[in-house]
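So this one's final13.csv, CSV, C-alpha atoms:
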```
chain,number,residue,atom,x,y,z
A,1,MET,CA,-1.4,3.7,-18.5
A,2,LEU,CA,1.4,3.3,-15.9
A,3,LEU,CA,4.8,2.9,-17.4
A,4,ASN,CA,5.5,-0.3,-15.5
A,5,SER,CA,2.2,-2.0,-16.3
A,6,TYR,CA,2.4,-5.4,-17.8
A,7,SER,CA,0.2,-5.8,-20.9
A,8,GLY,CA,-0.5,-9.5,-20.6
A,9,ALA,CA,-3.3,-11.1,-22.7
A,10,THR,CA,-5.0,-13.1,-19.8
A,11,ILE,CA,-8.1,-11.4,-18.5
A,12,LYS,CA,-8.5,-11.9,-14.8
A,13,THR,CA,-11.2,-11.3,-12.2
A,14,ILE,CA,-9.7,-9.1,-9.5
A,15,SER,CA,-11.5,-8.4,-6.2
A,16,ILE,CA,-10.4,-5.3,-4.3
A,17,LEU,CA,-11.3,-5.2,-0.6
A,18,GLY,CA,-11.2,-1.4,0.0
A,19,THR,CA,-11.6,1.2,-2.7
A,20,GLY,CA,-10.4,4.3,-1.0
A,21,TRP,CA,-7.5,6.7,-1.9
A,22,LEU,CA,-5.4,3.8,-3.3
A,23,GLY,CA,-8.0,1.2,-4.0
A,24,LEU,CA,-10.2,3.3,-6.3
A,25,PRO,CA,-7.5,4.3,-8.8
A,26,LEU,CA,-6.2,0.8,-8.6
A,27,ALA,CA,-9.6,-0.5,-9.6
A,28,GLN,CA,-9.8,2.0,-12.4
A,29,HIS,CA,-6.4,0.9,-13.6
A,30,PHE,CA,-7.4,-2.7,-13.8
A,31,VAL,CA,-10.6,-1.9,-15.6
A,32,SER,CA,-8.6,0.1,-18.2
A,33,MET,CA,-6.5,-3.0,-18.7
A,34,GLY,CA,-9.6,-5.1,-19.5
A,35,HIS,CA,-9.8,-7.1,-16.3
A,36,ASN,CA,-13.1,-7.9,-14.6
A,37,VAL,CA,-13.0,-5.9,-11.4
A,38,ILE,CA,-15.0,-6.4,-8.2
A,39,GLY,CA,-14.7,-3.7,-5.5
A,40,SER,CA,-15.9,-3.2,-1.9
A,41,THR,CA,-16.9,-0.2,0.1
A,42,THR,CA,-18.3,0.3,3.5
A,43,SER,CA,-20.6,3.1,2.3
A,44,LYS,CA,-23.9,2.6,0.4
A,45,ASP,CA,-23.4,6.0,-1.1
A,46,ARG,CA,-20.4,4.8,-3.1
A,47,LEU,CA,-22.0,1.8,-4.7
A,48,THR,CA,-23.2,3.8,-7.6
A,49,GLU,CA,-19.7,5.4,-8.0
A,50,LEU,CA,-18.1,2.0,-8.3
A,51,THR,CA,-20.7,0.9,-10.9
A,52,SER,CA,-20.1,4.0,-13.0
A,53,ILE,CA,-16.4,3.2,-13.5
A,54,GLY,CA,-17.1,-0.4,-14.5
A,55,VAL,CA,-16.5,-2.1,-11.1
A,56,LYS,CA,-19.0,-4.6,-9.7
A,57,PRO,CA,-19.7,-3.2,-6.2
A,58,PHE,CA,-20.1,-5.0,-2.9
A,59,LEU,CA,-20.9,-3.6,0.6
A,60,ILE,CA,-18.5,-5.2,2.9
A,61,ASP,CA,-17.4,-4.4,6.5
A,62,ILE,CA,-14.5,-6.5,7.8
A,63,GLY,CA,-16.1,-6.4,11.3
A,64,SER,CA,-19.3,-8.1,10.1
A,65,LEU,CA,-18.8,-10.0,6.9
A,66,PRO,CA,-22.0,-10.2,4.8
A,67,ASP,CA,-23.6,-13.2,3.3
A,68,THR,CA,-22.3,-12.1,-0.1
A,69,ILE,CA,-18.6,-12.6,0.9
A,70,GLN,CA,-18.3,-15.9,-1.0
A,71,GLU,CA,-19.6,-14.2,-4.2
A,72,PHE,CA,-17.1,-11.4,-3.6
A,73,LEU,CA,-14.3,-14.0,-3.3
A,74,GLN,CA,-15.1,-15.6,-6.7
A,75,ALA,CA,-11.9,-14.1,-8.3
A,76,ASP,CA,-8.5,-15.0,-9.6
A,77,VAL,CA,-6.9,-12.5,-7.2
A,78,LEU,CA,-8.0,-10.8,-4.0
A,79,ILE,CA,-6.3,-7.5,-3.1
A,80,ILE,CA,-6.8,-6.5,0.5
A,81,ASN,CA,-6.4,-2.8,0.9
A,82,ILE,CA,-8.1,-1.6,4.1
A,83,PRO,CA,-6.7,0.3,7.1
A,84,SER,CA,-8.6,-1.9,9.6
A,85,LYS,CA,-6.6,-3.8,12.2
A,86,ASP,CA,-9.6,-5.8,13.3
A,87,ILE,CA,-8.0,-9.1,14.1
A,88,ALA,CA,-11.3,-10.9,14.7
A,89,GLY,CA,-12.6,-9.7,11.4
A,90,PHE,CA,-9.5,-10.9,9.5
A,91,ARG,CA,-9.9,-14.3,11.2
A,92,LEU,CA,-13.4,-14.5,9.8
A,93,LEU,CA,-12.1,-13.4,6.4
A,94,ALA,CA,-9.3,-16.0,6.4
A,95,GLN,CA,-12.0,-18.7,7.2
A,96,ALA,CA,-14.1,-17.4,4.3
A,97,ILE,CA,-11.1,-17.5,2.0
A,98,GLU,CA,-10.4,-21.1,2.9
A,99,LYS,CA,-14.0,-22.0,2.0
A,100,SER,CA,-13.7,-20.3,-1.4
A,101,ALA,CA,-11.9,-21.2,-4.6
A,102,LEU,CA,-9.6,-18.2,-4.3
A,103,LYS,CA,-5.9,-19.0,-4.9
A,104,ASN,CA,-4.0,-15.7,-4.8
A,105,ILE,CA,-3.9,-12.7,-2.4
A,106,VAL,CA,-2.1,-9.4,-2.3
A,107,PHE,CA,-2.2,-7.9,1.1
A,108,VAL,CA,-1.3,-4.2,1.4
A,109,SER,CA,0.7,-3.9,4.6
A,110,SER,CA,3.0,-1.2,6.0
A,111,THR,CA,6.7,-0.7,6.7
A,112,SER,CA,5.5,0.3,10.2
A,113,VAL,CA,5.9,-3.4,11.1
A,114,TYR,CA,9.6,-2.7,11.5
A,115,ASP,CA,11.1,-1.0,14.5
A,116,ASN,CA,13.4,2.0,14.2
A,117,THR,CA,16.8,0.4,14.4
A,118,ASN,CA,18.9,3.2,12.9
A,119,THR,CA,19.9,0.8,10.1
A,120,VAL,CA,18.9,-0.3,6.6
A,121,ILE,CA,16.1,-2.8,6.9
A,122,THR,CA,15.4,-5.7,4.4
A,123,GLU,CA,12.6,-8.2,4.3
A,124,ALA,CA,14.9,-10.7,6.1
A,125,ASP,CA,15.1,-8.5,9.2
A,126,GLY,CA,13.0,-9.1,12.3
A,127,LEU,CA,9.6,-7.4,12.8
A,128,GLU,CA,8.2,-5.5,15.7
A,129,SER,CA,6.4,-7.5,18.4
A,130,GLU,CA,4.6,-10.6,17.1
A,131,GLN,CA,1.6,-9.2,19.1
A,132,SER,CA,1.4,-6.2,16.8
A,133,PRO,CA,-2.1,-6.3,15.1
A,134,LEU,CA,-0.7,-5.8,11.6
A,135,VAL,CA,1.9,-8.6,12.1
A,136,ILE,CA,-0.8,-10.9,13.4
A,137,ILE,CA,-3.0,-10.1,10.3
A,138,GLU,CA,-0.1,-10.8,8.0
A,139,ASN,CA,0.5,-14.1,9.6
A,140,LEU,CA,-3.2,-15.1,9.4
A,141,LEU,CA,-3.2,-14.5,5.7
A,142,LYS,CA,0.2,-16.2,5.1
A,143,LYS,CA,-1.2,-19.3,6.9
A,144,CYS,CA,-4.2,-19.7,4.6
A,145,ASN,CA,-4.1,-23.3,3.4
A,146,THR,CA,-5.9,-22.7,0.1
A,147,ALA,CA,-4.4,-19.5,-1.1
A,148,LYS,CA,-0.9,-18.0,-1.6
A,149,THR,CA,-0.4,-14.5,-0.2
A,150,THR,CA,2.1,-11.9,-1.3
A,151,ILE,CA,2.5,-9.1,1.2
A,152,VAL,CA,3.5,-5.6,0.0
A,153,ARG,CA,4.8,-3.4,2.8
A,154,PHE,CA,4.4,0.2,1.6
A,155,GLY,CA,6.0,3.2,3.1
A,156,GLY,CA,4.0,6.3,3.7
A,157,LEU,CA,1.7,6.9,0.7
A,158,ILE,CA,2.0,10.2,-1.2
A,159,GLY,CA,1.2,11.6,-4.6
A,160,HIS,CA,-1.6,13.3,-6.5
A,161,SER,CA,-3.9,15.0,-4.0
A,162,ARG,CA,-1.9,13.7,-1.0
A,163,ASN,CA,0.7,16.5,-0.8
A,164,PRO,CA,3.2,16.3,2.1
A,165,GLY,CA,3.7,20.0,1.7
A,166,ASN,CA,0.3,20.5,3.4
A,167,PHE,CA,0.7,18.0,6.2
A,168,PHE,CA,2.1,20.6,8.7
A,169,ARG,CA,0.4,23.8,7.6
A,170,LYS,CA,-2.0,23.9,10.5
A,171,GLY,CA,0.6,24.4,13.2
A,172,ARG,CA,1.6,20.8,13.5
A,173,LYS,CA,5.3,20.5,14.3
A,174,VAL,CA,7.7,17.9,12.9
A,175,GLN,CA,9.4,15.7,15.5
A,176,HIS,CA,12.8,14.1,14.9
A,177,PRO,CA,13.7,16.3,11.9
A,178,ASP,CA,16.9,14.4,11.2
A,179,SER,CA,15.1,11.0,10.9
A,180,ARG,CA,14.9,9.5,7.4
A,181,VAL,CA,11.6,9.2,5.5
A,182,ASN,CA,10.3,6.0,3.8
A,183,LEU,CA,7.7,7.1,1.3
A,184,ILE,CA,6.2,5.8,-1.9
A,185,HIS,CA,4.1,7.5,-4.7
A,186,ARG,CA,0.7,6.1,-5.4
A,187,ASP,CA,1.7,5.5,-9.0
A,188,ASP,CA,4.4,3.1,-7.9
A,189,CYS,CA,2.0,1.3,-5.5
A,190,ILE,CA,-0.4,0.6,-8.4
A,191,ALA,CA,2.4,-0.5,-10.8
A,192,ILE,CA,4.0,-2.8,-8.2
A,193,ILE,CA,0.7,-4.6,-7.5
A,194,THR,CA,0.1,-4.9,-11.2
A,195,GLN,CA,3.5,-6.5,-11.7
A,196,ILE,CA,2.9,-9.0,-8.9
A,197,ILE,CA,-0.4,-10.1,-10.4
A,198,GLU,CA,0.8,-10.2,-14.1
A,199,GLN,CA,4.1,-12.0,-13.3
A,200,GLU,CA,2.2,-14.3,-10.8
A,201,VAL,CA,4.7,-13.8,-8.0
A,202,TRP,CA,3.0,-15.4,-5.0
A,203,GLY,CA,4.1,-16.2,-1.5
A,204,GLU,CA,6.6,-13.3,-1.2
A,205,VAL,CA,7.1,-10.3,1.0
A,206,PHE,CA,8.2,-7.0,-0.6
A,207,ASN,CA,9.3,-3.7,1.0
A,208,CYS,CA,8.2,-0.9,-1.2
A,209,CYS,CA,9.6,2.6,-0.9
A,210,ALA,CA,11.3,5.1,-3.2
A,211,ASP,CA,15.0,4.9,-3.7
A,212,THR,CA,15.9,8.0,-1.7
A,213,HIS,CA,15.5,8.6,2.0
A,214,PRO,CA,16.0,12.4,2.7
A,215,THR,CA,15.6,13.7,6.3
A,216,LYS,CA,12.3,14.9,7.4
A,217,ARG,CA,13.8,18.4,7.5
A,218,GLU,CA,14.9,18.2,3.9
A,219,PHE,CA,11.8,16.6,2.5
A,220,TYR,CA,9.0,18.5,4.3
A,221,THR,CA,10.7,21.8,3.9
A,222,GLN,CA,11.0,21.4,0.1
A,223,ALA,CA,7.5,19.9,-0.2
A,224,ALA,CA,6.0,22.9,1.7
A,225,THR,CA,8.0,25.7,0.1
A,226,SER,CA,7.6,24.4,-3.4
A,227,ILE,CA,3.8,25.2,-3.2
A,228,GLY,CA,4.2,28.5,-1.4
A,229,ASN,CA,3.7,27.2,2.2
A,230,PRO,CA,6.1,28.2,5.0
A,231,ALA,CA,8.5,25.6,6.1
A,232,PRO,CA,7.2,23.5,9.0
A,233,GLU,CA,8.5,24.0,12.5
A,234,PHE,CA,10.8,21.3,13.7
A,235,ILE,CA,11.2,20.0,17.3
A,236,LEU,CA,14.8,19.2,18.3
A,237,THR,CA,14.7,16.3,20.7
A,238,GLY,CA,18.3,15.0,20.7
A,239,THR,CA,18.8,11.8,18.8
A,240,SER,CA,16.4,11.0,15.9
A,241,PRO,CA,15.5,7.3,15.7
A,242,TYR,CA,15.1,6.1,12.1
A,243,LYS,CA,15.0,3.2,9.7
A,244,ILE,CA,15.9,3.1,6.0
A,245,ILE,CA,13.7,0.6,4.2
A,246,SER,CA,15.5,-1.2,1.4
A,247,ASN,CA,13.6,-1.7,-1.9
A,248,GLN,CA,16.3,-3.9,-3.5
A,249,LYS,CA,14.2,-7.1,-3.4
A,250,VAL,CA,11.2,-5.7,-5.2
A,251,LYS,CA,13.4,-4.1,-7.9
A,252,GLN,CA,15.4,-7.4,-8.4
A,253,ARG,CA,12.5,-9.9,-8.1
A,254,LEU,CA,10.1,-8.0,-10.3
A,255,HIS,CA,12.7,-6.3,-12.5
A,256,TYR,CA,10.9,-3.1,-11.4
A,257,GLN,CA,12.0,0.4,-12.1
A,258,PHE,CA,10.4,3.0,-9.9
A,259,LEU,CA,8.3,5.7,-11.6
A,260,HIS,CA,9.2,8.2,-8.8
A,261,PRO,CA,12.5,7.0,-7.4
A,262,ASP,CA,13.7,10.4,-6.1
A,263,LEU,CA,11.4,11.9,-3.4
A,264,MET,CA,13.0,15.3,-3.8
A,265,LYS,CA,12.0,15.5,-7.5
A,266,ILE,CA,8.3,14.7,-7.2
A,267,GLN,CA,5.9,17.4,-8.2
A,268,PHE,CA,2.9,17.6,-6.0
A,269,GLU,CA,-0.5,19.1,-6.4
A,270,ASP,CA,-1.4,22.0,-4.1
A,271,ALA,CA,-4.3,20.2,-2.5
A,272,LEU,CA,-5.2,17.6,0.1
```
Rewritten as structure tokens:
Amino acid sequence: MLLNSYSGATIKTISILGTGWLGLPLAQHFVSMGHNVIGSTTSKDRLTELTSIGVKPFLIDIGSLPDTIQEFLQADVLIINIPSKDIAGFRLLAQAIEKSALKNIVFVSSTSVYDNTNTVITEADGLESEQSPLVIIENLLKKCNTAKTTIVRFGGLIGHSRNPGNFFRKGRKVQHPDSRVNLIHRDDCIAIITQIIEQEVWGEVFNCCADTHPTKREFYTQAATSIGNPAPEFILTGTSPYKIISNQKVKQRLHYQFLHPDLMKIQFEDAL
């Protein structure tokens, strides 16, 4: 059980669109809390896997919504956690949501919606171009008339089998080594989504990153050498554009304490 989990008594039905690296353990977490969990995959081969962990499985592709989409949306909360930027598909999903009884949505977005401004960035700051696919999708969901959407903009996802110490071991070089990193451990992603649902915090936008923002040079060197890999090679290209994503709002609004606040102290597994 995650330390920041809220042990409320209300059993909810939670639909998770996308049960990959983050969505699958998220589904397992909600099952362990006693919630009714519905999960989607784009692979027929994974339907049995979802059933085996107590998740009601659906085969759903955002690019071609199935006839079962309304059944999938029969939930208290929909968590959208897919990498697709198919705007047309999300328009169809938004239309399906407005035909359903669904009231609450968590949309997993990214801090990539912000430009590098060489400053600290909060939720009140401007986004990149309004024509950015991810920004368009955020706005589509926020404009749903029948449901309230909370957007969580996660930094780069790390933790468990996703070890940054392995990212550059195949000869890839690190550009802009003096730029700051904005990363978040998967445990914190799951705990933050849990807090949003259990505290019923809807219609908000949260930036979600660890407290610390070491340089790429500092972070990736330590991540690699801590598991016996050589330090990555860095490309010096003059100035290093960056952004530092503030996590103050999510900590204050949800009274949240990060499980992994210091990126330089995270212990990673030696595997991808």
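Restricting the calculation to all atoms listed in the file, the smallest distance between Ile121 of chain A and any of A:Lys173, A:Lys56, A:Lys12, A:Lys243 is found for A:Lys243.
Of the listed residues A:Leu26, A:Ile158, A:Leu47, A:Ala101, the one whose atoms come nearest to Ile192 of chain A is A:Leu26, with distances taken using all atoms listed in the file.
Of the listed residues (A:Met264, A:Val108, A:Ile197, A:Ile69), A:Met264 comes nearest to Glu218 of chain A; the distances count only C-alpha atoms.
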_Contact residues around Asp125 of chain A with only C-alpha atoms at 12 Å, ignoring same-chain residues under 5 positions, as JSON, numbers by chain_ = {"A": [111, 113, 114, 115, 116, 117, 119, 120, 205, 207, 243, 245, 246]}
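Closest approach to Lys85 of chain A among A:Leu134, A:Leu59, A:Ile53, A:Val37 is made by A:Leu134 (distances from only C-alpha atoms).
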*Find the residues around Ala210 of chain A up to 8 Å (all atoms listed in the file counted), leave out those fewer than 5 positions away in its own chain, and share them as JSON, numbers by chain.*
{"A": [182, 183, 184, 185, 247, 258, 260, 261, 262, 263]}
*Which one is closest to Ile190 of chain A: A:Arg217, A:Gln70, A:Arg46, A:Val106? Count only C-alpha atoms.*
A:Val106
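For the atom pair formed by atom CA of Val77 of chain A and atom CA of Gln131 of chain A, the distance is 27.8 Å, given to one decimal.
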Around the point (-13.4, -10.5, 11.5), in the coordinates given by the file, pick out the residues reaching within 9 Å, counting only C-alpha atoms, and return them as a PDB file with C-alpha atoms, in the coordinates of the input.
```pdb
ATOM      1  CA  ASP A  61     -17.400  -4.400   6.500  1.00  0.00           C
ATOM      2  CA  ILE A  62     -14.500  -6.500   7.800  1.00  0.00           C
ATOM      3  CA  GLY A  63     -16.100  -6.400  11.300  1.00  0.00           C
ATOM      4  CA  SER A  64     -19.300  -8.100  10.100  1.00  0.00           C
ATOM      5  CA  LEU A  65     -18.800 -10.000   6.900  1.00  0.00           C
ATOM      6  CA  ASP A  86      -9.600  -5.800  13.300  1.00  0.00           C
ATOM      7  CA  ILE A  87      -8.000  -9.100  14.100  1.00  0.00           C
ATOM      8  CA  ALA A  88     -11.300 -10.900  14.700  1.00  0.00           C
ATOM      9  CA  GLY A  89     -12.600  -9.700  11.400  1.00  0.00           C
ATOM     10  CA  PHE A  90      -9.500 -10.900   9.500  1.00  0.00           C
ATOM     11  CA  ARG A  91      -9.900 -14.300  11.200  1.00  0.00           C
ATOM     12  CA  LEU A  92     -13.400 -14.500   9.800  1.00  0.00           C
ATOM     13  CA  LEU A  93     -12.100 -13.400   6.400  1.00  0.00           C
ATOM     14  CA  ALA A  94      -9.300 -16.000   6.400  1.00  0.00           C
TER      15      ALA A  94
END
```
